[in-house]
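A.B. asks: Can you read through this structure? Questions will come right after.
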Amino acid sequence: MEHFFGEMVAWSVELVRTLGYLGIAFLMFIESSFIPFPSELVMPQAGYLASKGEMNAYVAIFMGILGSWLGAILNYVLALYVGRPFLLKYGKYFFISQKTYIKAEDFFREHGEIGTFTGRLIPGIRQYVSLPAGLAKMKMSHFLFFTGLGSGIWCAILVYIGFQCGENEAIIKQYSKQATVAVIVFCVVLVAAYAWFKKTYFGQKAKPV
């Protein structure tokens with residue numbers, strides 16, 4: 001597994017170097033759609049190339065956000081126009097049960113902003129968080145803002161890791177895991193604070209995802 005990860009890191013570095021900023025946007029588009037593809041194989045490599053002066057870190061982050069937006073919009077539009085019955089019927093093929101879809105849809109009707117933002121930071125959820133947003137017909141401007149905010153934070157973290165660690169895949173993997181744990185803890189605390197605020201000031205308890 002370690003050897004495979006090392007090969008994937010080397011492959012992704014060369015791919016990003018060859019395709020440039022458009023390659024970052026394309027790979028992050030894939031990562032943000034319903035195709036499982038780890039952002040840890042894209043953004044740290046952009047950071048590494050930025051450390052060598054072959055890329056601009058800020059442009060790389062922006063292209064990562066752009067790709068995330070495009071993938072998220074694809075999922076949103078599919079949910080909005082293909083429809084709820086189709087997704088509920090075939091969601092199991094994307095490892096999401098009907099029960100999970102329904103709970104997420106109910107949550108997004110009331111708490112779409114916090115759900116979109118935190119969802120973009122959590123592995124295994126970020127690829128699919130746009131679907132319940134589309135089902136709940138979340139306002140597009142809000143959807144794009146919170147998608148971009150969450151994606152931007154995550155892309156910036158990964159670019160920083162790559163900038164500091166270079167091509168050392170072992171350290172990239174270690175720091176990426178630590179960053180994942182940190183953002184999950186952050187999301188849990190944020191959602192808990194949000195639920196407390198809603199209950200205290202609006203008399204409304206936020207439903208868990």
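Scheme for the structure tokens: letters A, B, ... for chains in order shown; per-chain residue numbers from 1; ligand numbers from 1 in order shown.
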Name all residues at most 10 Å from A:Ala136 (count only C-alpha atoms; drop same-chain ones fewer than 2 positions away) and give them as a list in words.
C.D. replies: Tyr76, Ala79, Leu80, Arg84, Ala104, Glu105, Asp106, Phe107, Phe108, Arg109, Glu110, Gly112, Ser130, Leu131, Pro132, Ala133, Gly134, Met138 and Lys139 of chain A
A.B. asks: Enumerate as a count of residues only all residues of stretch 18-208 of chain A assigned to helix (DSSP H, G or I) by DSSP on the backbone, naming them with the chain letters and numbers the document uses.
C.D. replies: 152
A.B. asks: Given the choices A:Lys99, A:Lys137, A:Lys198, A:Arg120, which gets closest to A:Tyr81 if the distance is worked out from only C-alpha atoms?
C.D. replies: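 Of A:Lys99, A:Lys137, A:Lys198, A:Arg120, the one nearest A:Tyr81 is A:Lys137, counting only C-alpha atoms.
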A.B. asks: Give the answer as one residue: which of A:Tyr175, A:Phe29, A:Phe145, A:Phe37 has the shortest atom-to-atom distance to A:Ser68, using only C-alpha atoms?
C.D. replies: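 Selected residue with least distance to A:Ser68: A:Phe29.
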A.B. asks: Any idea what the distance is between atom CA of A:Asn56 and atom CA of A:Ala25?
C.D. replies: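 Rounded to one decimal, the two atoms are 14.1 Å apart.
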A.B. asks: Which distance in Å separates atom CA of A:Ile122 and atom CA of A:Glu40, to one decimal?
C.D. replies: 12.6 Å
A.B. asks: How many Å lie between atom CA of A:Ser32 and atom CA of A:Ser151, rounded to one decimal?
C.D. replies: 9.3 Å
A.B. asks: Just checking: using only C-alpha atoms, which residue out of A:Trp196, A:Phe186, A:Phe62, A:Trp154 ends up closest to A:Leu22?
C.D. replies: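 The closest residue to A:Leu22 is A:Phe62.
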A.B. asks: Which of these, A:Ala179, A:Val191, A:Leu158, A:Asn75, has the shortest distance to A:Phe117 once you count only C-alpha atoms?
C.D. replies: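 Using only C-alpha atoms, the shortest distance to A:Phe117 belongs to A:Val191.
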A.B. asks: A:Leu41, A:Ile125, A:Leu135, A:Met55: which is nearest A:Val82, counting only C-alpha atoms?
C.D. replies: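 Among the listed residues, the smallest separation from A:Val82 belongs to A:Leu135.
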A.B. asks: Hey, which of A:Met63, A:Leu15, A:Val42, A:Ile114 ends up closest to A:Ala195? Count only C-alpha atoms.
C.D. replies: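 Under the stated criterion, the closest residue is A:Ile114.
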A.B. asks: Residues at most 8 Å from A:Tyr48, counting only C-alpha atoms, excluding those fewer than 6 positions away in the same chain, as an MDAnalysis selection string?
C.D. replies: chainID A and resid 159 162:167
A.B. asks: Skip A:Tyr21 itself and residues of its chain fewer than 4 positions away, then list as a ChimeraX atom specification all residues within 12 Å of it, counting only C-alpha atoms.
C.D. replies: /A:15-17,25-28,42-43,45-47,49-50,54-67
A.B. asks: For the residues in the current selection, export N, CA and C atoms as a PDB file, in the first residue's frame.
C.D. replies:
```pdb
ATOM      1  N   LEU A  15       1.581  14.687 -13.442  1.00  0.00           N
ATOM      2  CA  LEU A  15       0.352  15.079 -14.132  1.00  0.00           C
ATOM      3  C   LEU A  15       0.068  16.560 -13.921  1.00  0.00           C
ATOM      4  N   VAL A  16       0.203  17.010 -12.674  1.00  0.00           N
ATOM      5  CA  VAL A  16      -0.029  18.418 -12.388  1.00  0.00           C
ATOM      6  C   VAL A  16       1.011  19.285 -13.080  1.00  0.00           C
ATOM      7  N   ARG A  17       2.265  18.810 -13.096  1.00  0.00           N
ATOM      8  CA  ARG A  17       3.318  19.566 -13.769  1.00  0.00           C
ATOM      9  C   ARG A  17       3.042  19.666 -15.271  1.00  0.00           C
ATOM     10  N   ALA A  25      -7.574  22.086 -11.831  1.00  0.00           N
ATOM     11  CA  ALA A  25      -9.022  22.286 -11.898  1.00  0.00           C
ATOM     12  C   ALA A  25      -9.733  21.007 -12.342  1.00  0.00           C
ATOM     13  N   PHE A  26      -9.172  20.318 -13.328  1.00  0.00           N
ATOM     14  CA  PHE A  26      -9.799  19.100 -13.840  1.00  0.00           C
ATOM     15  C   PHE A  26      -9.813  18.004 -12.781  1.00  0.00           C
ATOM     16  N   LEU A  27      -8.677  17.792 -12.118  1.00  0.00           N
ATOM     17  CA  LEU A  27      -8.602  16.736 -11.110  1.00  0.00           C
ATOM     18  C   LEU A  27      -9.488  17.046  -9.903  1.00  0.00           C
ATOM     19  N   MET A  28      -9.577  18.317  -9.531  1.00  0.00           N
ATOM     20  CA  MET A  28     -10.449  18.681  -8.417  1.00  0.00           C
ATOM     21  C   MET A  28     -11.922  18.628  -8.819  1.00  0.00           C
ATOM     22  N   VAL A  42      -3.641  15.748  -5.356  1.00  0.00           N
ATOM     23  CA  VAL A  42      -3.640  16.892  -6.283  1.00  0.00           C
ATOM     24  C   VAL A  42      -3.001  18.121  -5.645  1.00  0.00           C
ATOM     25  N   MET A  43      -3.622  18.617  -4.596  1.00  0.00           N
ATOM     26  CA  MET A  43      -3.218  19.904  -4.047  1.00  0.00           C
ATOM     27  C   MET A  43      -1.844  19.909  -3.382  1.00  0.00           C
ATOM     28  N   GLN A  45       0.691  18.283  -4.328  1.00  0.00           N
ATOM     29  CA  GLN A  45       1.628  18.289  -5.437  1.00  0.00           C
ATOM     30  C   GLN A  45       1.743  19.693  -6.040  1.00  0.00           C
ATOM     31  N   ALA A  46       0.630  20.414  -6.075  1.00  0.00           N
ATOM     32  CA  ALA A  46       0.676  21.803  -6.527  1.00  0.00           C
ATOM     33  C   ALA A  46       1.518  22.638  -5.568  1.00  0.00           C
ATOM     34  N   GLY A  47       1.381  22.356  -4.275  1.00  0.00           N
ATOM     35  CA  GLY A  47       2.193  23.054  -3.285  1.00  0.00           C
ATOM     36  C   GLY A  47       3.669  22.763  -3.445  1.00  0.00           C
ATOM     37  N   LEU A  49       5.203  21.929  -6.253  1.00  0.00           N
ATOM     38  CA  LEU A  49       5.658  22.637  -7.449  1.00  0.00           C
ATOM     39  C   LEU A  49       5.767  24.147  -7.183  1.00  0.00           C
ATOM     40  N   ALA A  50       4.902  24.665  -6.326  1.00  0.00           N
ATOM     41  CA  ALA A  50       5.001  26.074  -5.953  1.00  0.00           C
ATOM     42  C   ALA A  50       6.278  26.343  -5.167  1.00  0.00           C
ATOM     43  N   GLU A  54       7.652  26.539  -9.756  1.00  0.00           N
ATOM     44  CA  GLU A  54       7.023  26.132 -11.003  1.00  0.00           C
ATOM     45  C   GLU A  54       5.544  26.496 -11.051  1.00  0.00           C
ATOM     46  N   MET A  55       4.998  26.888  -9.920  1.00  0.00           N
ATOM     47  CA  MET A  55       3.599  27.300  -9.846  1.00  0.00           C
ATOM     48  C   MET A  55       3.467  28.419  -8.835  1.00  0.00           C
ATOM     49  N   ASN A  56       2.351  29.133  -8.918  1.00  0.00           N
ATOM     50  CA  ASN A  56       1.994  30.109  -7.911  1.00  0.00           C
ATOM     51  C   ASN A  56       0.992  29.469  -6.964  1.00  0.00           C
ATOM     52  N   ALA A  57       1.292  29.461  -5.675  1.00  0.00           N
ATOM     53  CA  ALA A  57       0.448  28.761  -4.710  1.00  0.00           C
ATOM     54  C   ALA A  57      -0.970  29.328  -4.678  1.00  0.00           C
ATOM     55  N   TYR A  58      -1.114  30.644  -4.792  1.00  0.00           N
ATOM     56  CA  TYR A  58      -2.436  31.264  -4.711  1.00  0.00           C
ATOM     57  C   TYR A  58      -3.285  30.929  -5.940  1.00  0.00           C
ATOM     58  N   VAL A  59      -2.637  30.903  -7.092  1.00  0.00           N
ATOM     59  CA  VAL A  59      -3.365  30.526  -8.308  1.00  0.00           C
ATOM     60  C   VAL A  59      -3.774  29.054  -8.226  1.00  0.00           C
ATOM     61  N   ALA A  60      -2.875  28.209  -7.695  1.00  0.00           N
ATOM     62  CA  ALA A  60      -3.180  26.784  -7.546  1.00  0.00           C
ATOM     63  C   ALA A  60      -4.390  26.578  -6.639  1.00  0.00           C
ATOM     64  N   ILE A  61      -4.437  27.338  -5.537  1.00  0.00           N
ATOM     65  CA  ILE A  61      -5.582  27.234  -4.622  1.00  0.00           C
ATOM     66  C   ILE A  61      -6.864  27.669  -5.326  1.00  0.00           C
ATOM     67  N   PHE A  62      -6.788  28.779  -6.075  1.00  0.00           N
ATOM     68  CA  PHE A  62      -7.971  29.245  -6.795  1.00  0.00           C
ATOM     69  C   PHE A  62      -8.447  28.204  -7.801  1.00  0.00           C
ATOM     70  N   MET A  63      -7.518  27.574  -8.526  1.00  0.00           N
ATOM     71  CA  MET A  63      -7.911  26.563  -9.502  1.00  0.00           C
ATOM     72  C   MET A  63      -8.494  25.333  -8.808  1.00  0.00           C
ATOM     73  N   GLY A  64      -7.989  25.041  -7.617  1.00  0.00           N
ATOM     74  CA  GLY A  64      -8.582  23.956  -6.837  1.00  0.00           C
ATOM     75  C   GLY A  64     -10.010  24.270  -6.451  1.00  0.00           C
ATOM     76  N   ILE A  65     -10.251  25.523  -6.046  1.00  0.00           N
ATOM     77  CA  ILE A  65     -11.614  25.951  -5.717  1.00  0.00           C
ATOM     78  C   ILE A  65     -12.505  25.902  -6.955  1.00  0.00           C
ATOM     79  N   LEU A  66     -11.969  26.364  -8.086  1.00  0.00           N
ATOM     80  CA  LEU A  66     -12.736  26.353  -9.332  1.00  0.00           C
ATOM     81  C   LEU A  66     -13.161  24.936  -9.705  1.00  0.00           C
ATOM     82  N   GLY A  67     -12.211  23.999  -9.642  1.00  0.00           N
ATOM     83  CA  GLY A  67     -12.541  22.606  -9.943  1.00  0.00           C
ATOM     84  C   GLY A  67     -13.568  22.046  -8.977  1.00  0.00           C
TER      85      GLY A  67
END
```
